[in-house]
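Working notes for the structure below.
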Amino acid sequence: MSRFLFPRWSNLVLPTIILAALTIPVYAVFFVAYGFSPKTLEVGYQPKQPVPFSHALHAGELGMDCRYCHTSVEKAAHASVPPTQTCMNCHTQIRPQSPKLADVRESYETGLPVEWTRIHKLPDFAYFDHSAHVNRGIGCVSCHGRIDKMEVVYQKSALSMGWCLECHRNPDPNLRPVSEITNLAYDGATELTQTERDALKKKYHISPSEDCSTCHR
Amino acid sequence: MIPKPPRVLIFLGVLAGLAAIVPPAVIARVRATPDENRAVHMFFDMDFQPKFKTQAVNPLFADGRAQRYAVAGTVARGETDLDTHLHQGVVNGAWAESLPAGLEMTDAFLARGQQRFNIYCSVCHGYAGFGDGTVNKRAMELMANAEGPVYGTSWVQAKSLHDPVVREHQLGMLYNVVTNGIRNMAGYGAQIDLEDRWAIAAYVKALQLSQNASLQDVPTELRDNLKKGNLQNGEVK
């Protein structure tokens with residue numbers, strides 16, 4: 001009866017185990033950080049909407065100001081989704097019978113709202129205020145991206161707490177004069193000098209808070 | 001020299017190495033492509049609380065609106081709207097010729113009017129008020145379509161605000177048109193705040209004046225510069 005002998009290559013088992021013990025945790029951390037990041041999970045959410053409304057046409061080609069529809073953005077925390085009447089300011093006369101407008105017509109006739117799918121969502125314990133930002137020189141584009149180039153709107157930014165703090169700690173690249181807030185093509189990072197940015201910060205009293213209670217109540 | 005392990009083990013090792021590349025590749029792809037479905041929510045914390053936020057859905061109501069309309073026949077405090085000058089642009093049964101009490105014709109007021117005009121009115125009437133806004137242009141193109149107006153389009157050229165008839169309109173009437181609309185134009189009372197509607201009416205008056213001004217309207221000390229074409233943004237260069 002021959003004795004069992006480990007083959008000579010089994011000497012490799014121990015270094016392999018050590019190597020795996022070192023790399024697998026690193027890999028797992030990377031996987032979670034990269035894969036479960038809001039940049040992976042939240043960014044790029046582009047739901048199909050009931051009406052194929054094109055921001056690229058309305059805000060882009062026609063150059064309509066964001067505030068034509070989102071009227072409450074300068075006055076309230078919430079940037080309102082327009083009522084059907086706003087669509088009908090023009091669409092009673094422009095393409096009124098278009099099949100793409102079927103849901104808008106139905107809403108106009110029944111008085112029931114068009115059921116848009118909300119894209120940008122914050123946790124219910126975070127209180128973001130649009131008016132506080134747009135009235136102090138943070139433009140729409142800083143968070144929403146080039147909406148005027150989107151046929152179908154998608155979420156551009158992670159809307160995570162880390163992402164908020166990035167700007168609260170260093171708002172300079174996102175600053176612009178209040179007159180340019182809805183100008184999506186304007187890039188404060190290239191259009192303004194640091195002196196001008198400092199002047200804006202002074203003018204708008206910008207010293208972004210990092211306190212918990214600023215956003216969490 | 002270390003002897004080689006059996007082939008099957010080498011094969012498995014290489015396979016594991018290759019398989020490890022797959023998840024990052026999938027993640028990279030997810031990051032680069034839009035997705036119609038919202039991502040699975042990993043940690044709920046208190047992200048979804050049983051409360052209604054602005055413009056949220058409340059399934060308990062037939063129309064699904066969490067925000068409710070005021071009960072029919074009720075008037076909220078501060079919304080009696082009994083000041084005919086302020087709310088309707090009417091004084092003693094005629095269109096008001098002046099701003100209502102509390103509003104002043106200042107540079108800031110006109111600048112506000114210009115800004116609001118550019119947001120809400122310029123789309124049809126154009127920035128200078130000649131009825132050549134982008135929406136108007138596009139609608140006119142649809143009307144001129146070779147195969148007939150598209151999908152029932154029936155657009156009437158937007159009014160030039162420098163039309164002699166429109167120039168005759170009193171401030172109060174302009175305010176009323178902005179608020180309640182006229183002919184094919186919808187009312188903007190729900191979209192634009194009360195004071196801003198007056199500011200727009202005032203700006204329209206200024207716009208009309210700008211296109212129909214004579215040299216006598218220019219302050220004496222600026223006339224020479226105007227003749228030389230040196231006037232820019234209201235300031236002498």
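Letters for chains follow the order of the structure tokens (A, B, ...), residue numbers begin at 1 for each chain, and ligand numbers begin at 1 in the order shown.
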Within 6 Å of chain B: residues of chain A, using only C-alpha atoms, as a ChimeraX atom specification: /A:9,35,40-41,44-47,62,65,68,89,93-98,112,123-124
Skip Glu109 (chain A) itself and residues of its chain fewer than 6 positions away, then list as a PDB file with all heavy atoms, in the first residue's frame all residues within 12 Å of it, counting only C-alpha atoms.
ATOM      1  N   THR A  84     -51.585  71.150 -17.391  1.00  0.00           N
ATOM      2  CA  THR A  84     -51.879  70.902 -18.809  1.00  0.00           C
ATOM      3  C   THR A  84     -52.173  72.199 -19.557  1.00  0.00           C
ATOM      4  O   THR A  84     -51.884  72.320 -20.739  1.00  0.00           O
ATOM      5  CB  THR A  84     -53.062  69.930 -18.914  1.00  0.00           C
ATOM      6  OG1 THR A  84     -52.721  68.761 -18.167  1.00  0.00           O
ATOM      7  CG2 THR A  84     -53.336  69.554 -20.347  1.00  0.00           C
ATOM      8  N   GLN A  85     -52.726  73.191 -18.829  1.00  0.00           N
ATOM      9  CA  GLN A  85     -53.030  74.467 -19.472  1.00  0.00           C
ATOM     10  C   GLN A  85     -51.784  75.066 -20.135  1.00  0.00           C
ATOM     11  O   GLN A  85     -51.871  75.659 -21.207  1.00  0.00           O
ATOM     12  CB  GLN A  85     -53.603  75.449 -18.432  1.00  0.00           C
ATOM     13  CG  GLN A  85     -53.807  76.865 -18.949  1.00  0.00           C
ATOM     14  CD  GLN A  85     -54.761  76.929 -20.144  1.00  0.00           C
ATOM     15  OE1 GLN A  85     -55.858  76.400 -20.087  1.00  0.00           O
ATOM     16  NE2 GLN A  85     -54.321  77.558 -21.246  1.00  0.00           N
ATOM     17  N   MET A  88     -51.331  73.744 -23.372  1.00  0.00           N
ATOM     18  CA  MET A  88     -52.407  74.169 -24.252  1.00  0.00           C
ATOM     19  C   MET A  88     -52.351  75.651 -24.605  1.00  0.00           C
ATOM     20  O   MET A  88     -53.113  76.107 -25.443  1.00  0.00           O
ATOM     21  CB  MET A  88     -53.755  73.811 -23.624  1.00  0.00           C
ATOM     22  CG  MET A  88     -54.056  72.317 -23.706  1.00  0.00           C
ATOM     23  SD  MET A  88     -53.867  71.699 -25.403  1.00  0.00           S
ATOM     24  CE  MET A  88     -54.913  70.262 -25.374  1.00  0.00           C
ATOM     25  N   THR A  92     -53.412  74.242 -28.385  1.00  0.00           N
ATOM     26  CA  THR A  92     -54.775  74.301 -28.903  1.00  0.00           C
ATOM     27  C   THR A  92     -54.707  74.655 -30.389  1.00  0.00           C
ATOM     28  O   THR A  92     -55.627  74.380 -31.139  1.00  0.00           O
ATOM     29  CB  THR A  92     -55.608  75.383 -28.182  1.00  0.00           C
ATOM     30  OG1 THR A  92     -54.831  76.573 -28.126  1.00  0.00           O
ATOM     31  CG2 THR A  92     -55.980  74.942 -26.775  1.00  0.00           C
ATOM     32  N   ALA A 102     -52.064  62.910 -27.338  1.00  0.00           N
ATOM     33  CA  ALA A 102     -53.309  62.264 -26.895  1.00  0.00           C
ATOM     34  C   ALA A 102     -53.534  62.418 -25.393  1.00  0.00           C
ATOM     35  O   ALA A 102     -54.620  62.815 -24.957  1.00  0.00           O
ATOM     36  CB  ALA A 102     -53.290  60.793 -27.288  1.00  0.00           C
ATOM     37  N   ASP A 103     -52.505  62.135 -24.594  1.00  0.00           N
ATOM     38  CA  ASP A 103     -52.664  62.208 -23.134  1.00  0.00           C
ATOM     39  C   ASP A 103     -52.899  63.633 -22.661  1.00  0.00           C
ATOM     40  O   ASP A 103     -53.597  63.860 -21.674  1.00  0.00           O
ATOM     41  CB  ASP A 103     -51.431  61.631 -22.432  1.00  0.00           C
ATOM     42  CG  ASP A 103     -51.485  60.112 -22.381  1.00  0.00           C
ATOM     43  OD1 ASP A 103     -52.024  59.521 -23.338  1.00  0.00           O
ATOM     44  OD2 ASP A 103     -51.010  59.527 -21.387  1.00  0.00           O
TER      45      ASP A 103
END
Contacts of Arg146 (chain A) within 9 Å, only C-alpha atoms, excl. fewer than 6 positions in-chain, as an MDAnalysis selection string: chainID A and resid 140 156 184:185
Spatial neighbours of Phe53 (chain A), 8 Å, only C-alpha atoms, chain gap at least 4 places, as a ChimeraX atom specification: /A:49,151-152
All helix (DSSP H, G or I) residues (DSSP, backbone) inside region 7-213 of chain A, as a PyMOL selection string: chain A and resi 8-35+38-41+55-61+66-69+71-74+84-91+99-110+130-134+140-144+147-149+161-169+172-174+178-180+188-191+194-203+212-213
For CA of Val8 (chain B) and CA of Val26 (chain A), the interatomic separation in Å (one decimal):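 CA of Val26 (chain A) lies at a distance of 26.4 Å from CA of Val8 (chain B).
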Selection near Thr84 (chain B), 12 Å with only C-alpha atoms, sequence-local residues under 2 positions removed, as a list in words: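 Here the qualifying residues turn out to be Thr80, Asp81, Leu82, Leu86, His87, Gln88, Gly89, Val90, Val91, Asn92, Gly93, Ala94, Trp95, Ala96, Leu99, Pro100, Ala101, Gly172, Tyr175 and Asn176 of chain B.
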Write the residues of the preceding selection, restricted to N, CA, C and O atoms, as a PDB file, in the first residue's frame.
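Produced file part_22.pdb, reproduced below:
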ATOM      1  N   THR B  80     -59.403  88.089  -2.014  1.00  0.00           N
ATOM      2  CA  THR B  80     -60.706  88.649  -2.359  1.00  0.00           C
ATOM      3  C   THR B  80     -60.670  89.347  -3.712  1.00  0.00           C
ATOM      4  O   THR B  80     -61.664  89.407  -4.409  1.00  0.00           O
ATOM      5  N   ASP B  81     -59.492  89.870  -4.078  1.00  0.00           N
ATOM      6  CA  ASP B  81     -59.309  90.470  -5.397  1.00  0.00           C
ATOM      7  C   ASP B  81     -60.377  91.504  -5.729  1.00  0.00           C
ATOM      8  O   ASP B  81     -60.936  91.501  -6.822  1.00  0.00           O
ATOM      9  N   LEU B  82     -60.668  92.387  -4.797  1.00  0.00           N
ATOM     10  CA  LEU B  82     -61.737  93.358  -5.024  1.00  0.00           C
ATOM     11  C   LEU B  82     -61.228  94.675  -5.608  1.00  0.00           C
ATOM     12  O   LEU B  82     -62.011  95.516  -6.022  1.00  0.00           O
ATOM     13  N   LEU B  86     -56.027  97.004  -9.440  1.00  0.00           N
ATOM     14  CA  LEU B  86     -54.930  96.052  -9.282  1.00  0.00           C
ATOM     15  C   LEU B  86     -55.223  94.709  -9.970  1.00  0.00           C
ATOM     16  O   LEU B  86     -54.362  94.144 -10.629  1.00  0.00           O
ATOM     17  N   HIS B  87     -56.454  94.219  -9.825  1.00  0.00           N
ATOM     18  CA  HIS B  87     -56.724  92.859 -10.281  1.00  0.00           C
ATOM     19  C   HIS B  87     -57.290  92.764 -11.693  1.00  0.00           C
ATOM     20  O   HIS B  87     -57.139  91.754 -12.358  1.00  0.00           O
ATOM     21  N   GLN B  88     -57.956  93.853 -12.139  1.00  0.00           N
ATOM     22  CA  GLN B  88     -58.554  93.795 -13.474  1.00  0.00           C
ATOM     23  C   GLN B  88     -58.007  94.857 -14.419  1.00  0.00           C
ATOM     24  O   GLN B  88     -58.278  94.813 -15.621  1.00  0.00           O
ATOM     25  N   GLY B  89     -57.252  95.809 -13.891  1.00  0.00           N
ATOM     26  CA  GLY B  89     -56.736  96.883 -14.735  1.00  0.00           C
ATOM     27  C   GLY B  89     -57.812  97.896 -15.106  1.00  0.00           C
ATOM     28  O   GLY B  89     -57.704  98.560 -16.128  1.00  0.00           O
ATOM     29  N   VAL B  90     -58.863  97.953 -14.294  1.00  0.00           N
ATOM     30  CA  VAL B  90     -59.997  98.828 -14.609  1.00  0.00           C
ATOM     31  C   VAL B  90     -60.164  99.896 -13.525  1.00  0.00           C
ATOM     32  O   VAL B  90     -60.105  99.595 -12.340  1.00  0.00           O
ATOM     33  N   VAL B  91     -60.309 101.152 -13.951  1.00  0.00           N
ATOM     34  CA  VAL B  91     -60.600 102.235 -13.019  1.00  0.00           C
ATOM     35  C   VAL B  91     -61.872 102.936 -13.495  1.00  0.00           C
ATOM     36  O   VAL B  91     -61.937 103.398 -14.632  1.00  0.00           O
ATOM     37  N   ASN B  92     -62.866 103.003 -12.640  1.00  0.00           N
ATOM     38  CA  ASN B  92     -64.150 103.642 -12.971  1.00  0.00           C
ATOM     39  C   ASN B  92     -64.717 103.142 -14.301  1.00  0.00           C
ATOM     40  O   ASN B  92     -65.164 103.921 -15.137  1.00  0.00           O
ATOM     41  N   GLY B  93     -64.647 101.860 -14.514  1.00  0.00           N
ATOM     42  CA  GLY B  93     -65.243 101.282 -15.709  1.00  0.00           C
ATOM     43  C   GLY B  93     -64.435 101.437 -16.984  1.00  0.00           C
ATOM     44  O   GLY B  93     -64.850 100.998 -18.048  1.00  0.00           O
ATOM     45  N   ALA B  94     -63.249 102.065 -16.901  1.00  0.00           N
ATOM     46  CA  ALA B  94     -62.408 102.213 -18.095  1.00  0.00           C
ATOM     47  C   ALA B  94     -61.027 101.615 -17.821  1.00  0.00           C
ATOM     48  O   ALA B  94     -60.631 101.454 -16.665  1.00  0.00           O
ATOM     49  N   TRP B  95     -60.298 101.255 -18.880  1.00  0.00           N
ATOM     50  CA  TRP B  95     -58.954 100.693 -18.684  1.00  0.00           C
ATOM     51  C   TRP B  95     -58.057 101.692 -17.979  1.00  0.00           C
ATOM     52  O   TRP B  95     -58.047 102.877 -18.330  1.00  0.00           O
ATOM     53  N   ALA B  96     -57.333 101.198 -16.999  1.00  0.00           N
ATOM     54  CA  ALA B  96     -56.456 102.077 -16.229  1.00  0.00           C
ATOM     55  C   ALA B  96     -55.322 102.594 -17.103  1.00  0.00           C
ATOM     56  O   ALA B  96     -54.808 101.882 -17.959  1.00  0.00           O
ATOM     57  N   LEU B  99     -50.246 102.773 -13.201  1.00  0.00           N
ATOM     58  CA  LEU B  99     -50.007 101.599 -12.358  1.00  0.00           C
ATOM     59  C   LEU B  99     -50.867 101.688 -11.110  1.00  0.00           C
ATOM     60  O   LEU B  99     -51.131 102.786 -10.629  1.00  0.00           O
ATOM     61  N   PRO B 100     -51.299 100.550 -10.582  1.00  0.00           N
ATOM     62  CA  PRO B 100     -52.074 100.590  -9.339  1.00  0.00           C
ATOM     63  C   PRO B 100     -51.201 101.059  -8.181  1.00  0.00           C
ATOM     64  O   PRO B 100     -49.971 101.006  -8.251  1.00  0.00           O
ATOM     65  N   ALA B 101     -51.871 101.532  -7.130  1.00  0.00           N
ATOM     66  CA  ALA B 101     -51.151 102.011  -5.952  1.00  0.00           C
ATOM     67  C   ALA B 101     -50.229 100.921  -5.423  1.00  0.00           C
ATOM     68  O   ALA B 101     -50.595  99.744  -5.401  1.00  0.00           O
ATOM     69  N   GLY B 172     -53.760  99.311 -18.386  1.00  0.00           N
ATOM     70  CA  GLY B 172     -54.675  98.387 -17.726  1.00  0.00           C
ATOM     71  C   GLY B 172     -55.150  97.299 -18.669  1.00  0.00           C
ATOM     72  O   GLY B 172     -55.311  96.140 -18.285  1.00  0.00           O
ATOM     73  N   TYR B 175     -52.344  94.835 -19.163  1.00  0.00           N
ATOM     74  CA  TYR B 175     -52.302  93.958 -17.987  1.00  0.00           C
ATOM     75  C   TYR B 175     -53.376  92.883 -18.094  1.00  0.00           C
ATOM     76  O   TYR B 175     -53.142  91.703 -17.816  1.00  0.00           O
ATOM     77  N   ASN B 176     -54.564  93.294 -18.514  1.00  0.00           N
ATOM     78  CA  ASN B 176     -55.676  92.361 -18.619  1.00  0.00           C
ATOM     79  C   ASN B 176     -55.420  91.294 -19.693  1.00  0.00           C
ATOM     80  O   ASN B 176     -55.770  90.127 -19.514  1.00  0.00           O
TER      81      ASN B 176
END
